[in-house]
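Take a look at the structure set out below.
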Amino acid sequence: MGEFTRKSIKELFSQAPGSKVVVKGWVRTKRGNKNVSFIALNDGSTIKNMQIVCDGAKFSEDSLKDVTTGACLCVTGELVESMGKGQSVEVQASEIEIYGTADPNSYPLQKKGHSMEFLREIAHLRMRSNTFGCVFRIRNAMAFAIHKYFNEHGFFYLHTPLITESDCEGAGEMFQVTTMDLKNIPLTEDGKEVDFSSDFFGKQTALTVSGQLEGELGATSLGKIYTFGPTFRAENSNTPRHLAEFWMIEPEMAFYDITDNMELAEDFIKYLVRYALENCKDDLQFLNDMFDKELISRMEGVVNTKFERVTYTQAIELLTQSGKKFEFPVHWGTDLQSEHERYLVEEYFKKPVILTDFPKDIKAFYMKQNDDGKTVRGMDVLFPKIGEIIGGSERESSLEKINKRIAELNMDTTNLWWYLDTRKYGTCPHSGFGLGFERLLLFVTGMQNIRDVIPFPRTPKNAEF
Ligand code: 4AD
Ligand code: MG
């Protein structure tokens, strides 16, 4: 039977019993005796295993000795109604071909529950476990839902470059890109600086921290765009919420003010959570039962609540009045730490919070300046258990004001002439935000560590696989 007629295990579970089938997959477990053996087979299409029944008259124990956890099989047989509990159908095997064995003495993914830390060390195999099968099927569903949402709402998918010379966030956390011989770096004539003119691009380049600046070029031409791609940050934060390589979704919209931007962010994120609830039921149920008994109810809660909107200044008041002892003391002007965000979301409001109007000194140069001269029209969406899941703003549309801010920050604008042209030629009010894809996945899987929602995490001192 050709591969295009083979049915996946997911498809077989919705098929009526009584037909001849071919199932291929990896052995999860085998049990039984000389009269009958039961193999639990999984092909990744669903959390559910297909039970393969091997009659002892046809399959001696010896013929099944290489059918061990991790081995890959091609099973021919008949799909029959299952007598056993826990599954509707099973396969009565007539023939088993072993594609590949897995030595039980060395195959690391045995049945016993492994720690997340151990599974991270075998990230090349962990997708074969129940938990990571769920996580990466959900990751796929969320990526699809993101494109679906924007497609349904008139946005264009724009591909922004990964190699760039501009530091969008101005935090100086970029990975350099070079083909120079690091043992023999050319210097300028005075010997004081690196001479990038001989480098591949003839200038200093790095991996992008955000596609926003090019996204703004798209929005001010196409109207509404979004990016969805990898971004890179060389920030030395070894936390459960930071990666050096993460995926970001960045919509950017002409004519949206900060209120429109907040409404879009709320609608978008609710759509995604609802999509997961409706389309990833089995996987969510497994994660809910295994790790986080409140996962599904927390997700339903978010879908059914209006997010709270609070200014930074109001948040600082709430935090100082809370009477709580925070590790990092709060006062107007400081960036909120995760303990502060979690107090607001989990203890005070008990729902997602959209914080706006931050002190200009803790935010990037492109945010629209308020008339008070102190704050900018930024917005952060804070989520239970996660903290910041979205960061965005209305953009400063006045050339004069943005130039003034750039001067205050002593930024080098030689790389930004093209960006400033949007303010020079037909400038318009516009807004956008960035959703951290893995932060979203933390929320919709209940995983505790961001390293466990991306197949191959990159973090300080770790780039294995
Ligand atoms: O708040 P950030 O830095 O905003 C920007 O990059 C803007 N240019 C976005 C925009 O307005 N178009 O990052 C946006 C989001 C954060 O809210 C967070 O969810 C995620 O990206 N994020 C990270 N996720 C994982 N690891 C990291 N190191 C992250 N840094 C930011
Ligand atoms: Mg941010």
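Here's how to read the names in the structure tokens: chain A, B, ... by the order shown, residue numbers from 1 in each chain, ligand numbers from 1 in the order shown.
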Would you give me, as CSV, each residue of chain A having an atom within 10 Å of an atom of ligand 2, along with its shortest atom pair and that distance in Å to one decimal, using only C-alpha atoms and all ligand atoms and sorting by chain and residue number?
residue,atom,partner,partner_atom_place_in_ligand_line,distance
A:Glu169,CA,ligand 2,1 (Mg),9.0
A:Ile362,CA,ligand 2,1 (Mg),9.8
A:Lys363,CA,ligand 2,1 (Mg),8.2
A:Ala364,CA,ligand 2,1 (Mg),9.3
A:Gly378,CA,ligand 2,1 (Mg),9.3
A:Met379,CA,ligand 2,1 (Mg),8.7
A:Asp380,CA,ligand 2,1 (Mg),6.7
A:Val381,CA,ligand 2,1 (Mg),9.2
A:Glu388,CA,ligand 2,1 (Mg),6.9
A:Ile389,CA,ligand 2,1 (Mg),8.3
A:Ile390,CA,ligand 2,1 (Mg),6.9
A:Gly391,CA,ligand 2,1 (Mg),4.5
A:Gly392,CA,ligand 2,1 (Mg),7.3
A:Phe433,CA,ligand 2,1 (Mg),9.5
A:Gly434,CA,ligand 2,1 (Mg),8.3
A:Leu435,CA,ligand 2,1 (Mg),9.5
A:Gly436,CA,ligand 2,1 (Mg),9.5
Restricted to all heavy atoms, what would the selected residues look like written as a compact mmCIF listing (two decimals), in the first residue's frame?
# COMPACT_ATOMS: atom_id res chain seq x y z
N GLU A 169 15.09 47.83 19.14
CA GLU A 169 14.76 48.11 20.54
C GLU A 169 15.82 48.96 21.23
O GLU A 169 15.65 49.37 22.37
CB GLU A 169 14.53 46.81 21.30
CG GLU A 169 13.31 46.02 20.81
CD GLU A 169 12.03 46.86 20.83
OE1 GLU A 169 11.67 47.36 21.91
OE2 GLU A 169 11.41 47.03 19.76
N ILE A 362 12.02 54.34 29.84
CA ILE A 362 12.16 52.87 29.88
C ILE A 362 11.66 52.23 28.60
O ILE A 362 11.58 51.01 28.52
CB ILE A 362 11.45 52.25 31.13
CG1 ILE A 362 9.95 52.55 31.13
CG2 ILE A 362 12.09 52.71 32.41
CD1 ILE A 362 9.16 51.77 32.18
N LYS A 363 11.31 53.04 27.60
CA LYS A 363 10.79 52.48 26.36
C LYS A 363 11.58 52.95 25.14
O LYS A 363 12.36 53.91 25.22
CB LYS A 363 9.30 52.84 26.21
CG LYS A 363 8.40 52.14 27.23
CD LYS A 363 8.32 50.63 26.98
CE LYS A 363 7.44 49.91 27.97
NZ LYS A 363 7.50 48.45 27.88
N ALA A 364 11.35 52.27 24.01
CA ALA A 364 12.14 52.53 22.81
C ALA A 364 11.78 53.87 22.17
O ALA A 364 10.73 54.46 22.43
CB ALA A 364 11.95 51.39 21.82
N GLY A 378 2.96 53.53 24.92
CA GLY A 378 3.28 52.11 24.79
C GLY A 378 2.20 51.28 25.43
O GLY A 378 1.37 51.78 26.20
N MET A 379 2.18 50.01 25.12
CA MET A 379 1.26 49.09 25.80
C MET A 379 1.92 47.72 25.97
O MET A 379 2.56 47.20 25.08
CB MET A 379 -0.04 48.93 25.01
CG MET A 379 0.13 48.26 23.66
SD MET A 379 -1.47 47.84 22.94
CE MET A 379 -1.06 46.35 22.04
N ASP A 380 1.78 47.17 27.17
CA ASP A 380 2.23 45.80 27.44
C ASP A 380 1.01 45.00 27.86
O ASP A 380 0.24 45.46 28.71
CB ASP A 380 3.24 45.77 28.60
CG ASP A 380 4.65 46.17 28.15
OD1 ASP A 380 4.84 46.46 26.96
OD2 ASP A 380 5.54 46.18 29.02
N VAL A 381 0.85 43.83 27.30
CA VAL A 381 -0.23 42.95 27.76
C VAL A 381 0.38 41.93 28.72
O VAL A 381 1.34 41.23 28.37
CB VAL A 381 -0.92 42.23 26.57
CG1 VAL A 381 -2.04 41.34 27.08
CG2 VAL A 381 -1.45 43.25 25.57
N GLU A 388 4.67 39.60 30.89
CA GLU A 388 4.50 40.26 29.59
C GLU A 388 4.43 39.25 28.44
O GLU A 388 5.35 38.47 28.23
CB GLU A 388 5.67 41.22 29.35
CG GLU A 388 5.53 41.97 28.04
CD GLU A 388 6.79 42.74 27.66
OE1 GLU A 388 7.54 43.17 28.55
OE2 GLU A 388 7.01 42.92 26.44
N ILE A 389 3.34 39.30 27.72
CA ILE A 389 3.18 38.40 26.56
C ILE A 389 3.23 39.21 25.27
O ILE A 389 3.67 38.73 24.23
CB ILE A 389 1.88 37.57 26.73
CG1 ILE A 389 1.82 36.39 25.74
CG2 ILE A 389 0.63 38.41 26.59
CD1 ILE A 389 0.76 35.36 26.13
N ILE A 390 2.80 40.48 25.35
CA ILE A 390 2.81 41.39 24.20
C ILE A 390 3.44 42.71 24.61
O ILE A 390 3.20 43.21 25.72
CB ILE A 390 1.36 41.66 23.70
CG1 ILE A 390 0.86 40.49 22.84
CG2 ILE A 390 1.27 42.97 22.91
CD1 ILE A 390 -0.56 40.66 22.33
N GLY A 391 4.25 43.28 23.71
CA GLY A 391 4.74 44.64 23.89
C GLY A 391 4.46 45.41 22.61
O GLY A 391 4.69 44.88 21.52
N GLY A 392 3.97 46.62 22.73
CA GLY A 392 3.69 47.38 21.50
C GLY A 392 3.46 48.84 21.81
O GLY A 392 3.68 49.30 22.94
N PHE A 433 2.26 45.88 17.48
CA PHE A 433 2.76 45.21 18.69
C PHE A 433 3.48 43.93 18.31
O PHE A 433 3.41 43.48 17.15
CB PHE A 433 1.62 44.93 19.68
CG PHE A 433 0.51 44.03 19.18
CD1 PHE A 433 0.65 42.64 19.18
CD2 PHE A 433 -0.69 44.57 18.73
CE1 PHE A 433 -0.38 41.83 18.74
CE2 PHE A 433 -1.73 43.76 18.29
CZ PHE A 433 -1.57 42.37 18.29
N GLY A 434 4.17 43.36 19.29
CA GLY A 434 4.84 42.07 19.10
C GLY A 434 4.33 41.08 20.13
O GLY A 434 4.34 41.36 21.33
N LEU A 435 3.89 39.93 19.64
CA LEU A 435 3.50 38.84 20.54
C LEU A 435 4.62 37.81 20.52
O LEU A 435 5.01 37.33 19.45
CB LEU A 435 2.19 38.19 20.05
CG LEU A 435 1.80 36.85 20.68
CD1 LEU A 435 1.45 37.01 22.16
CD2 LEU A 435 0.63 36.20 19.95
N GLY A 436 5.14 37.49 21.68
CA GLY A 436 6.17 36.45 21.77
C GLY A 436 5.50 35.09 21.61
O GLY A 436 4.67 34.71 22.44
Q) Which residues sit within 8 Å of ligand 1, counting only C-alpha atoms and all ligand atoms, listed as a PyMOL selection string? A) chain A and resi 168-169+209-213+215+232-233+235+237+241-252+380-381+388-393+431-440+450
(request) Could you please write out, as number ranges by chain, every residue of region 331-410 of chain A that DSSP assigns to strand (DSSP E or B)? (result) A: 353-359, 367, 369, 375-383, 387-395
Restricting it to N, CA and C atoms, dump the selection as a PDB file, in the first residue's frame.
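Written file, part.pdb:
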ATOM      1  N   VAL A 353      -4.039  42.052  31.975  1.00  0.00           N
ATOM      2  CA  VAL A 353      -3.984  43.502  32.154  1.00  0.00           C
ATOM      3  C   VAL A 353      -3.224  44.120  30.983  1.00  0.00           C
ATOM      4  N   ILE A 354      -3.766  45.220  30.462  1.00  0.00           N
ATOM      5  CA  ILE A 354      -3.015  45.980  29.453  1.00  0.00           C
ATOM      6  C   ILE A 354      -2.518  47.260  30.104  1.00  0.00           C
ATOM      7  N   LEU A 355      -1.203  47.340  30.250  1.00  0.00           N
ATOM      8  CA  LEU A 355      -0.573  48.520  30.856  1.00  0.00           C
ATOM      9  C   LEU A 355      -0.208  49.497  29.743  1.00  0.00           C
ATOM     10  N   THR A 356      -0.467  50.779  29.980  1.00  0.00           N
ATOM     11  CA  THR A 356      -0.148  51.773  28.949  1.00  0.00           C
ATOM     12  C   THR A 356       0.584  52.971  29.554  1.00  0.00           C
ATOM     13  N   ASP A 357       1.036  53.842  28.675  1.00  0.00           N
ATOM     14  CA  ASP A 357       1.588  55.144  29.059  1.00  0.00           C
ATOM     15  C   ASP A 357       2.751  55.053  30.044  1.00  0.00           C
ATOM     16  N   PHE A 358       3.833  54.502  29.544  1.00  0.00           N
ATOM     17  CA  PHE A 358       5.034  54.286  30.361  1.00  0.00           C
ATOM     18  C   PHE A 358       5.935  55.518  30.351  1.00  0.00           C
ATOM     19  N   PRO A 359       6.799  55.634  31.375  1.00  0.00           N
ATOM     20  CA  PRO A 359       7.816  56.685  31.315  1.00  0.00           C
ATOM     21  C   PRO A 359       8.641  56.508  30.038  1.00  0.00           C
ATOM     22  N   MET A 367       8.183  55.162  20.180  1.00  0.00           N
ATOM     23  CA  MET A 367       6.833  55.235  20.751  1.00  0.00           C
ATOM     24  C   MET A 367       6.293  56.664  20.749  1.00  0.00           C
ATOM     25  N   GLN A 369       4.897  60.065  21.736  1.00  0.00           N
ATOM     26  CA  GLN A 369       5.068  60.835  22.973  1.00  0.00           C
ATOM     27  C   GLN A 369       3.753  61.492  23.382  1.00  0.00           C
ATOM     28  N   THR A 375       5.612  60.725  29.387  1.00  0.00           N
ATOM     29  CA  THR A 375       5.218  59.343  29.087  1.00  0.00           C
ATOM     30  C   THR A 375       5.025  59.138  27.587  1.00  0.00           C
ATOM     31  N   VAL A 376       5.047  57.855  27.221  1.00  0.00           N
ATOM     32  CA  VAL A 376       4.837  57.486  25.817  1.00  0.00           C
ATOM     33  C   VAL A 376       3.699  56.471  25.718  1.00  0.00           C
ATOM     34  N   ARG A 377       3.109  56.420  24.507  1.00  0.00           N
ATOM     35  CA  ARG A 377       1.908  55.614  24.315  1.00  0.00           C
ATOM     36  C   ARG A 377       2.232  54.145  24.011  1.00  0.00           C
ATOM     37  N   GLY A 378       2.960  53.534  24.923  1.00  0.00           N
ATOM     38  CA  GLY A 378       3.280  52.114  24.792  1.00  0.00           C
ATOM     39  C   GLY A 378       2.196  51.277  25.433  1.00  0.00           C
ATOM     40  N   MET A 379       2.178  50.008  25.120  1.00  0.00           N
ATOM     41  CA  MET A 379       1.261  49.086  25.797  1.00  0.00           C
ATOM     42  C   MET A 379       1.919  47.724  25.973  1.00  0.00           C
ATOM     43  N   ASP A 380       1.779  47.166  27.170  1.00  0.00           N
ATOM     44  CA  ASP A 380       2.232  45.796  27.439  1.00  0.00           C
ATOM     45  C   ASP A 380       1.014  45.002  27.864  1.00  0.00           C
ATOM     46  N   VAL A 381       0.846  43.825  27.301  1.00  0.00           N
ATOM     47  CA  VAL A 381      -0.230  42.949  27.760  1.00  0.00           C
ATOM     48  C   VAL A 381       0.378  41.930  28.718  1.00  0.00           C
ATOM     49  N   LEU A 382      -0.165  41.894  29.918  1.00  0.00           N
ATOM     50  CA  LEU A 382       0.359  40.998  30.957  1.00  0.00           C
ATOM     51  C   LEU A 382      -0.612  39.846  31.182  1.00  0.00           C
ATOM     52  N   PHE A 383      -0.063  38.645  31.295  1.00  0.00           N
ATOM     53  CA  PHE A 383      -0.895  37.447  31.417  1.00  0.00           C
ATOM     54  C   PHE A 383      -0.593  36.682  32.696  1.00  0.00           C
ATOM     55  N   GLY A 387       3.402  36.926  32.797  1.00  0.00           N
ATOM     56  CA  GLY A 387       3.873  38.306  32.789  1.00  0.00           C
ATOM     57  C   GLY A 387       3.673  38.862  31.398  1.00  0.00           C
ATOM     58  N   GLU A 388       4.666  39.600  30.893  1.00  0.00           N
ATOM     59  CA  GLU A 388       4.498  40.258  29.586  1.00  0.00           C
ATOM     60  C   GLU A 388       4.431  39.250  28.442  1.00  0.00           C
ATOM     61  N   ILE A 389       3.336  39.305  27.717  1.00  0.00           N
ATOM     62  CA  ILE A 389       3.180  38.401  26.564  1.00  0.00           C
ATOM     63  C   ILE A 389       3.231  39.213  25.269  1.00  0.00           C
ATOM     64  N   ILE A 390       2.797  40.483  25.352  1.00  0.00           N
ATOM     65  CA  ILE A 390       2.811  41.389  24.199  1.00  0.00           C
ATOM     66  C   ILE A 390       3.439  42.711  24.612  1.00  0.00           C
ATOM     67  N   GLY A 391       4.249  43.278  23.715  1.00  0.00           N
ATOM     68  CA  GLY A 391       4.737  44.645  23.890  1.00  0.00           C
ATOM     69  C   GLY A 391       4.463  45.409  22.607  1.00  0.00           C
ATOM     70  N   GLY A 392       3.973  46.622  22.726  1.00  0.00           N
ATOM     71  CA  GLY A 392       3.691  47.379  21.503  1.00  0.00           C
ATOM     72  C   GLY A 392       3.462  48.837  21.811  1.00  0.00           C
ATOM     73  N   SER A 393       3.015  49.592  20.807  1.00  0.00           N
ATOM     74  CA  SER A 393       2.742  51.014  21.027  1.00  0.00           C
ATOM     75  C   SER A 393       2.069  51.628  19.812  1.00  0.00           C
ATOM     76  N   GLU A 394       1.525  52.831  20.048  1.00  0.00           N
ATOM     77  CA  GLU A 394       1.288  53.704  18.908  1.00  0.00           C
ATOM     78  C   GLU A 394       2.657  54.281  18.570  1.00  0.00           C
ATOM     79  N   ARG A 395       2.921  54.530  17.290  1.00  0.00           N
ATOM     80  CA  ARG A 395       4.244  55.013  16.902  1.00  0.00           C
ATOM     81  C   ARG A 395       4.249  56.535  16.810  1.00  0.00           C
TER      82      ARG A 395
END
| Contacts of Asn42 (chain A) at 9 Å or less, counting only C-alpha atoms, minus same-chain residues fewer than 6 places along, as a ChimeraX atom specification? | /A:9,24-28,48-50,128
For the residues in that selection, give me C-alpha atoms as a PDB file, in the first residue's frame.
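Listed below is the output, result.pdb:
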ATOM      1  CA  ILE A   9      -3.650   6.740  13.666  1.00  0.00           C
ATOM      2  CA  LYS A  24       3.197   2.696  10.888  1.00  0.00           C
ATOM      3  CA  GLY A  25       4.721   4.201  13.977  1.00  0.00           C
ATOM      4  CA  TRP A  26       6.953   3.888  17.015  1.00  0.00           C
ATOM      5  CA  VAL A  27       6.404   1.452  19.865  1.00  0.00           C
ATOM      6  CA  ARG A  28       5.462   3.073  23.155  1.00  0.00           C
ATOM      7  CA  LYS A  48      -3.698   8.431  21.323  1.00  0.00           C
ATOM      8  CA  ASN A  49      -1.858   5.177  20.724  1.00  0.00           C
ATOM      9  CA  MET A  50      -3.212   2.467  18.468  1.00  0.00           C
ATOM     10  CA  ARG A 128       8.399  11.186  20.770  1.00  0.00           C
TER      11      ARG A 128
END
Between CA of Ala276 (chain A) and CA of Asn304 (chain A) - distance in Å to one decimal
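Those two atoms sit 14.3 Å apart.
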Near-Leu336 (chain A) list (9 Å; only C-alpha atoms; drop same-chain fewer than 6 positions) as a PDB file with N, CA and C atoms, in the first residue's frame:
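Now in out.pdb:
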ATOM      1  N   ILE A 316       1.677  51.806  39.342  1.00  0.00           N
ATOM      2  CA  ILE A 316       2.660  52.114  40.388  1.00  0.00           C
ATOM      3  C   ILE A 316       1.938  52.447  41.694  1.00  0.00           C
ATOM      4  N   PHE A 328      12.189  43.762  44.410  1.00  0.00           N
ATOM      5  CA  PHE A 328      12.607  45.010  43.785  1.00  0.00           C
ATOM      6  C   PHE A 328      11.603  46.091  44.146  1.00  0.00           C
ATOM      7  N   VAL A 330       9.315  49.390  44.130  1.00  0.00           N
ATOM      8  CA  VAL A 330       8.782  50.115  42.966  1.00  0.00           C
ATOM      9  C   VAL A 330       8.684  51.598  43.245  1.00  0.00           C
TER      10      VAL A 330
END
DSSP on the backbone, helix (DSSP H, G or I) only: what residues of region 267-408 of chain A does that give? Format it as JSON, numbers by chain. {"A": [267, 268, 269, 270, 271, 272, 273, 274, 275, 276, 277, 278, 279, 281, 282, 283, 284, 285, 286, 287, 288, 289, 290, 295, 296, 297, 298, 299, 300, 301, 302, 303, 312, 313, 314, 315, 316, 317, 318, 319, 320, 321, 338, 339, 340, 341, 342, 343, 344, 345, 346, 347, 348, 349, 360, 361, 362, 399, 400, 401, 402, 403, 404, 405, 406, 407, 408]}
Problem - From A:Val80, A:Ile39, A:Met116, A:Val91, residue lying nearest Val67 (chain A) [only C-alpha atoms] - result: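 When distances to Val67 (chain A) are compared using only C-alpha atoms, the smallest one comes from A:Ile39.
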